[in-house]
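Next up, work.pdb (PDB, C-alpha atoms, pLDDT in the B column):
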MODEL        1
ATOM      1  CA  MET U   1     -27.717  35.109 -20.357  1.00 74.00           C
ATOM      2  CA  LYS U   2     -27.394  35.341 -16.570  1.00 78.00           C
ATOM      3  CA  ASN U   3     -23.964  36.972 -16.865  1.00 84.00           C
ATOM      4  CA  LYS U   4     -25.283  39.548 -19.328  1.00 85.00           C
ATOM      5  CA  LEU U   5     -28.180  40.361 -17.016  1.00 82.00           C
ATOM      6  CA  LEU U   6     -25.862  40.785 -14.038  1.00 85.00           C
ATOM      7  CA  LEU U   7     -23.547  42.974 -16.106  1.00 89.00           C
ATOM      8  CA  GLY U   8     -26.499  45.135 -17.171  1.00 87.00           C
ATOM      9  CA  VAL U   9     -27.704  45.505 -13.595  1.00 85.00           C
ATOM     10  CA  GLY U  10     -24.189  46.383 -12.458  1.00 86.00           C
ATOM     11  CA  ILE U  11     -23.810  49.004 -15.159  1.00 85.00           C
ATOM     12  CA  ALA U  12     -27.218  50.478 -14.323  1.00 82.00           C
ATOM     13  CA  VAL U  13     -26.466  50.675 -10.601  1.00 80.00           C
ATOM     14  CA  GLY U  14     -23.080  52.192 -11.285  1.00 79.00           C
ATOM     15  CA  TYR U  15     -24.614  54.735 -13.598  1.00 75.00           C
ATOM     16  CA  VAL U  16     -27.262  55.751 -11.082  1.00 71.00           C
ATOM     17  CA  LEU U  17     -24.849  55.913  -8.162  1.00 73.00           C
ATOM     18  CA  GLY U  18     -22.184  57.709 -10.149  1.00 73.00           C
ATOM     19  CA  SER U  19     -24.454  60.069 -11.980  1.00 65.00           C
ATOM     20  CA  ARG U  20     -24.504  63.753 -11.112  1.00 65.00           C
ATOM     21  CA  SER U  21     -27.852  64.111 -12.846  1.00 67.00           C
ATOM     22  CA  GLY U  22     -29.649  62.829  -9.773  1.00 74.00           C
ATOM     23  CA  ARG U  23     -33.356  62.040  -9.846  1.00 75.00           C
ATOM     24  CA  ALA U  24     -33.805  62.704 -13.585  1.00 79.00           C
ATOM     25  CA  ALA U  25     -31.224  60.045 -14.501  1.00 77.00           C
ATOM     26  CA  TYR U  26     -32.806  57.601 -12.052  1.00 79.00           C
ATOM     27  CA  ASP U  27     -36.295  58.159 -13.488  1.00 84.00           C
ATOM     28  CA  LYS U  28     -34.994  57.744 -17.034  1.00 86.00           C
ATOM     29  CA  LEU U  29     -33.225  54.513 -16.129  1.00 83.00           C
ATOM     30  CA  LYS U  30     -36.299  53.234 -14.273  1.00 89.00           C
ATOM     31  CA  ALA U  31     -38.494  53.922 -17.311  1.00 93.00           C
ATOM     32  CA  ARG U  32     -36.075  52.045 -19.581  1.00 92.00           C
ATOM     33  CA  ALA U  33     -35.959  49.088 -17.185  1.00 90.00           C
ATOM     34  CA  ALA U  34     -39.767  48.999 -17.062  1.00 93.00           C
ATOM     35  CA  GLY U  35     -39.847  49.121 -20.865  1.00 93.00           C
ATOM     36  CA  VAL U  36     -37.428  46.192 -21.114  1.00 91.00           C
ATOM     37  CA  TRP U  37     -39.388  44.201 -18.493  1.00 91.00           C
ATOM     38  CA  ASP U  38     -42.672  44.803 -20.314  1.00 93.00           C
ATOM     39  CA  SER U  39     -41.232  43.890 -23.733  1.00 93.00           C
ATOM     40  CA  LYS U  40     -42.580  40.817 -25.520  1.00 94.00           C
ATOM     41  CA  PRO U  41     -39.300  38.796 -25.574  1.00 92.00           C
ATOM     42  CA  VAL U  42     -38.767  39.235 -21.833  1.00 92.00           C
ATOM     43  CA  GLN U  43     -42.373  38.414 -20.988  1.00 93.00           C
ATOM     44  CA  ASP U  44     -42.196  35.325 -23.239  1.00 94.00           C
ATOM     45  CA  LYS U  45     -39.201  34.091 -21.217  1.00 93.00           C
ATOM     46  CA  VAL U  46     -41.018  34.900 -17.958  1.00 93.00           C
ATOM     47  CA  SER U  47     -44.004  32.859 -19.140  1.00 94.00           C
ATOM     48  CA  VAL U  48     -41.789  29.909 -20.089  1.00 94.00           C
ATOM     49  CA  ALA U  49     -40.021  30.058 -16.728  1.00 93.00           C
ATOM     50  CA  THR U  50     -43.326  30.268 -14.854  1.00 93.00           C
ATOM     51  CA  GLU U  51     -44.723  27.253 -16.689  1.00 94.00           C
ATOM     52  CA  THR U  52     -41.541  25.268 -16.068  1.00 92.00           C
ATOM     53  CA  ILE U  53     -41.712  26.047 -12.362  1.00 91.00           C
ATOM     54  CA  LYS U  54     -45.373  25.025 -12.220  1.00 91.00           C
ATOM     55  CA  GLU U  55     -44.517  21.717 -13.915  1.00 91.00           C
ATOM     56  CA  LYS U  56     -41.487  20.945 -11.733  1.00 90.00           C
ATOM     57  CA  ALA U  57     -42.878  22.110  -8.365  1.00 90.00           C
ATOM     58  CA  PRO U  58     -44.731  18.855  -7.518  1.00 89.00           C
ATOM     59  CA  ASP U  59     -41.610  16.769  -8.254  1.00 89.00           C
ATOM     60  CA  VAL U  60     -39.446  19.068  -6.152  1.00 90.00           C
ATOM     61  CA  ALA U  61     -41.993  18.946  -3.326  1.00 90.00           C
ATOM     62  CA  ASP U  62     -41.974  15.120  -3.469  1.00 90.00           C
ATOM     63  CA  HIS U  63     -38.160  15.045  -3.323  1.00 91.00           C
ATOM     64  CA  LEU U  64     -38.107  17.473  -0.397  1.00 92.00           C
ATOM     65  CA  THR U  65     -40.753  15.464   1.462  1.00 92.00           C
ATOM     66  CA  GLU U  66     -38.752  12.263   1.005  1.00 91.00           C
ATOM     67  CA  ALA U  67     -35.523  13.979   2.104  1.00 92.00           C
ATOM     68  CA  ALA U  68     -37.243  15.352   5.215  1.00 91.00           C
ATOM     69  CA  ARG U  69     -38.626  11.894   6.027  1.00 90.00           C
ATOM     70  CA  ARG U  70     -35.172  10.358   5.702  1.00 90.00           C
ATOM     71  CA  ALA U  71     -33.611  13.092   7.832  1.00 90.00           C
ATOM     72  CA  GLY U  72     -36.243  12.537  10.490  1.00 89.00           C
ATOM     73  CA  THR U  73     -35.532   8.806  10.481  1.00 89.00           C
ATOM     74  CA  VAL U  74     -31.791   9.354  10.804  1.00 88.00           C
ATOM     75  CA  ILE U  75     -32.185  11.932  13.567  1.00 89.00           C
ATOM     76  CA  GLY U  76     -34.659   9.729  15.412  1.00 85.00           C
ATOM     77  CA  SER U  77     -32.275   6.775  15.179  1.00 85.00           C
ATOM     78  CA  ALA U  78     -29.373   8.893  16.412  1.00 83.00           C
ATOM     79  CA  MET U  79     -31.401  10.232  19.321  1.00 83.00           C
ATOM     80  CA  HIS U  80     -32.570   6.726  20.244  1.00 79.00           C
ATOM     81  CA  ARG U  81     -28.998   5.414  20.004  1.00 79.00           C
ATOM     82  CA  ASP U  82     -27.694   8.356  22.037  1.00 76.00           C
ATOM     83  CA  ALA U  83     -30.330   7.803  24.722  1.00 76.00           C
ATOM     84  CA  SER U  84     -29.513   4.099  24.971  1.00 75.00           C
ATOM     85  CA  ASP U  85     -25.771   4.883  25.003  1.00 72.00           C
ATOM     86  CA  SER U  86     -26.320   7.408  27.803  1.00 70.00           C
ATOM     87  CA  ALA U  87     -28.316   4.879  29.822  1.00 67.00           C
ATOM     88  CA  ALA U  88     -25.646   2.236  29.333  1.00 66.00           C
ATOM     89  CA  SER U  89     -22.844   4.636  30.274  1.00 65.00           C
ATOM     90  CA  ALA U  90     -24.664   5.869  33.389  1.00 60.00           C
ATOM     91  CA  LYS U  91     -23.203   2.909  35.273  1.00 57.00           C
ATOM     92  CA  PRO U  92     -19.431   3.459  35.303  1.00 55.00           C
ATOM     93  CA  SER U  93     -17.347   0.373  34.748  1.00 53.00           C
ATOM     94  CA  ALA U  94     -13.881  -0.350  36.088  1.00 51.00           C
ATOM     95  CA  SER U  95     -12.365   0.697  32.755  1.00 50.00           C
ATOM     96  CA  ASP U  96     -14.003   4.142  33.048  1.00 49.00           C
ATOM     97  CA  ALA U  97     -12.420   4.875  36.423  1.00 49.00           C
ATOM     98  CA  GLY U  98      -9.427   6.724  34.975  1.00 48.00           C
ATOM     99  CA  THR U  99     -11.242   8.771  32.314  1.00 48.00           C
ATOM    100  CA  THR U 100     -12.540  12.304  32.588  1.00 48.00           C
ATOM    101  CA  GLY U 101     -15.522  12.982  30.302  1.00 45.00           C
ATOM    102  CA  SER U 102     -16.205  11.439  26.950  1.00 44.00           C
ATOM    103  CA  ALA U 103     -13.913  11.029  23.959  1.00 46.00           C
ATOM    104  CA  THR U 104     -15.104  14.359  22.600  1.00 45.00           C
ATOM    105  CA  GLY U 105     -14.815  16.222  25.901  1.00 46.00           C
ATOM    106  CA  THR U 106     -18.493  17.156  25.955  1.00 47.00           C
ATOM    107  CA  ASP U 107     -19.563  14.841  28.819  1.00 49.00           C
ATOM    108  CA  GLY U 108     -22.346  12.919  27.098  1.00 54.00           C
ATOM    109  CA  ASP U 109     -23.454  15.532  24.559  1.00 55.00           C
ATOM    110  CA  HIS U 110     -21.749  13.627  21.757  1.00 55.00           C
ATOM    111  CA  ILE U 111     -23.730  13.236  18.545  1.00 55.00           C
ATOM    112  CA  PRO U 112     -21.945  10.846  16.206  1.00 56.00           C
ATOM    113  CA  ALA U 113     -20.959  12.170  12.778  1.00 54.00           C
ATOM    114  CA  HIS U 114     -21.733   8.797  11.197  1.00 55.00           C
ATOM    115  CA  SER U 115     -24.975   6.985  10.646  1.00 55.00           C
ATOM    116  CA  THR U 116     -25.920   3.348  10.649  1.00 59.00           C
ATOM    117  CA  HIS U 117     -29.066   4.108   8.673  1.00 57.00           C
ATOM    118  CA  PRO U 118     -28.975   2.000   5.472  1.00 57.00           C
ATOM    119  CA  GLU U 119     -29.825   4.919   3.146  1.00 59.00           C
ATOM    120  CA  THR U 120     -27.161   7.333   4.416  1.00 55.00           C
ATOM    121  CA  THR U 121     -23.472   7.627   3.704  1.00 55.00           C
ATOM    122  CA  ASN U 122     -20.671   7.402   6.244  1.00 51.00           C
ATOM    123  CA  LEU U 123     -18.834  10.708   5.916  1.00 53.00           C
ATOM    124  CA  GLY U 124     -15.375   9.465   6.786  1.00 52.00           C
ATOM    125  CA  THR U 125     -15.750   8.675  10.462  1.00 51.00           C
ATOM    126  CA  THR U 126     -15.423   5.566  12.544  1.00 53.00           C
ATOM    127  CA  SER U 127     -17.967   4.213  14.993  1.00 54.00           C
ATOM    128  CA  ASP U 128     -16.350   6.103  17.877  1.00 54.00           C
ATOM    129  CA  GLY U 129     -16.820   9.433  16.076  1.00 52.00           C
ATOM    130  CA  GLY U 130     -13.148   9.875  15.181  1.00 52.00           C
ATOM    131  CA  PRO U 131     -11.682  10.182  11.675  1.00 53.00           C
ATOM    132  CA  LYS U 132     -10.806   7.095   9.657  1.00 54.00           C
ATOM    133  CA  ASN U 133      -7.100   6.301   9.366  1.00 50.00           C
TER     134      ASN U 133
ENDMDL
END
Would you write out, as structure tokens, the structure that this file holds?
Amino acid sequence: MKNKLLLGVGIAVGYVLGSRSGRAAYDKLKARAAGVWDSKPVQDKVSVATETIKEKAPDVADHLTEAARRAGTVIGSAMHRDASDSAASAKPSASDAGTTGSATGTDGDHIPAHSTHPETTNLGTTSDGGPKN
């Protein structure tokens, strides 16, 4: 159905843009489109779609709220971890004497690509931010 609709729109646009009839062809096409939109079968489908959206909207909102809460927890944990890592690395140790910057070359602006949050997935990185071997 979606493909047929897109094909129809493409044909209509091509007709209007390629037509030498100008405004008259556009008005005729616009009237036909309005007639199709106002037809009973199309409006029945619009009503069904509207009702489906009204039914599903609360569930979608609940899922989005939960996802936002989880993202906030993960970001908060990462920021807390980053702040404690920065505080711990503020005192250079003897092993840091020969290094220049961090492992990522961003001098402390490193945000790890992994998470230790129990509800998230490790996306193929190790604890130092590098790829798994």
With the PyMOL selection byres ((chain U and resi 3-19) around 12) as the selection, what would be picked from this file? Answer as a PDB file with C-alpha atoms, in the frame of the given file, please.
ATOM      1  CA  MET U   1     -27.717  35.109 -20.357  1.00 74.00           C
ATOM      2  CA  LYS U   2     -27.394  35.341 -16.570  1.00 78.00           C
ATOM      3  CA  ARG U  20     -24.504  63.753 -11.112  1.00 65.00           C
ATOM      4  CA  SER U  21     -27.852  64.111 -12.846  1.00 67.00           C
ATOM      5  CA  GLY U  22     -29.649  62.829  -9.773  1.00 74.00           C
ATOM      6  CA  ARG U  23     -33.356  62.040  -9.846  1.00 75.00           C
ATOM      7  CA  ALA U  24     -33.805  62.704 -13.585  1.00 79.00           C
ATOM      8  CA  ALA U  25     -31.224  60.045 -14.501  1.00 77.00           C
ATOM      9  CA  TYR U  26     -32.806  57.601 -12.052  1.00 79.00           C
ATOM     10  CA  ASP U  27     -36.295  58.159 -13.488  1.00 84.00           C
ATOM     11  CA  LYS U  28     -34.994  57.744 -17.034  1.00 86.00           C
ATOM     12  CA  LEU U  29     -33.225  54.513 -16.129  1.00 83.00           C
ATOM     13  CA  LYS U  30     -36.299  53.234 -14.273  1.00 89.00           C
ATOM     14  CA  ARG U  32     -36.075  52.045 -19.581  1.00 92.00           C
ATOM     15  CA  ALA U  33     -35.959  49.088 -17.185  1.00 90.00           C
ATOM     16  CA  VAL U  36     -37.428  46.192 -21.114  1.00 91.00           C
ATOM     17  CA  TRP U  37     -39.388  44.201 -18.493  1.00 91.00           C
ATOM     18  CA  VAL U  42     -38.767  39.235 -21.833  1.00 92.00           C
TER      19      VAL U  42
END
Check: To one decimal place, how far is atom CA of U:Val60 from atom CA of U:Ile75 in Å?
Finding: 22.2 Å
Margin query: I'd like the interatomic distance between atom CA of U:Asp82 and atom CA of U:Glu66, to a tenth of an Å.
Written below: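 Atom CA of U:Asp82 sits 24.1 Å away from atom CA of U:Glu66.
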